[in-house]
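Comments concern the structure below.
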Amino acid sequence: MFMNWLLIIVLALVPQAGGARKKAAAAGAPQPFERVWRFETNALSGLRPGGDSELVVVSLLDGKFVALNPADGNLLWTADPGGEASASPLVTSAGVVVATSRTGSESLGVIRALDRGTGLSLWVRELAKPAVSELVYADGRIYFGSSDGSVYAVRADSGAIVWAFATRGPVRGQILIHDADILIGSDDGALYAINRGTGVEHWRVQTGGAIVGRAALTARRLYVSSGDGVTTALDVDARKVLWKSRSGAAIEAGPVIVDDIGVLVASFDNFVYLLDSRTGDRLWKRRLRGRIVSEPILGGSDRAIVAPLRDDRLTVLGVRNGNRLGAFALEPGDALVAPPLVTGGMLLLSTDTGLLAARAVAPASQAPATP
């Protein structure tokens, strides 16, 4: 149902018009999204919201965490743990929201569990440095990377540290769970496969730049993009490099696999690239107006939604040729301040003026989707 909803998003988008006459005609066309609600604030942090179908949590610049009802945007609770949010909040299925902060003149780290119903603190754990990576919940544990250069596993019910694995640089990477391992990148340029149970390194792959985006995996190939602007394809079993492809600037967004077509890569040079998954050859590239720090969102197998930072719109590209197929504009003067979140049948956009929740409008010939 999740992928069906994404497909409806992109199928409903109205193509961008070229020229004054076409723009005038498009102005009267039905909107591809209906704006369901907006939480008004000019203090959203640059961190992605956390959420599921029953709860959305955003972090504010003053260190507060705000919980909203995803159905109507009504405020459920506010937590003010102090300090400044250091990573995106994590809403878990274990009844807790995990929030991380940096505090004090020496930027000490704090990770705490908040009751998802009230926002009250259930436990607090101090860290040597702040958590700065994506947080992931699995098997009763929370996994994350820290600016102290380590990857941590802590118990979700108490915050007790189960294990810590040291790398040679801050760990800001997004996490991919693969079999018994977590795959996470470090600023030292390595992608680490760490056993979730023991914290022991299974293997690593070294690149030429910091790895922030999530690695992408098929049954036979592993793809990883790095801060030197290079996307690398490797044999999964042997970790042997199959090809490398360079963009014009650093890459922080993770590569996205498009079945039977290629690999989408979004770079700081403002371009989105489609690379041949077999050879790494560039099939097309498309320049957008803002810096792209988050991975494209696939809608089916032939379209992708791209949300450049500080842009005033989402752009939809055709995966096969890179053509612009449509866009969803924000309010005049508004701009995106954080990567978007798709959850609970809703697209959540963090902007200068608040959190915007939008739902796809199905074409007239198609019944609305049920989230």
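Going by the structure tokens order, chains are called A, B, ..., each with residues numbered from 1, while ligands are numbered from 1 in the order shown.
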
> Quick one: residues within 7 Å of segment 252-265 of chain A, only C-alpha atoms counted, chain neighbours fewer than 5 positions away excluded, as an MDAnalysis selection string?
Replying inline: chainID A and resid 211:216 223:227 272:277 293:295 301

>> Residues near Phe39 of chain A, anyone? I mean within 8 Å using only C-alpha atoms, not counting same-chain ones fewer than 5 positions away, as a PyMOL selection string.
In response: chain A and resi 73-74+354-356

>> I want to know what sits within 6 Å of Ala338 of chain A, based on only C-alpha atoms, with residues of the same chain fewer than 6 positions away left out; could you give that as number ranges by chain?
In response: A: 46-48, 350

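The coordinates place atom CA of Leu325 of chain A at 16.0 Å from atom CA of Phe271 of chain A.
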
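For the pair atom CA of Ser147 of chain A and atom CA of Thr103 of chain A, the interatomic distance is 13.3 Å.
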
>> Measuring between only C-alpha atoms, which one of A:Ala67, A:Asp80, A:Ala250, A:Asp352 shows the shortest distance to Thr118 of chain A?
In response: A:Ala67
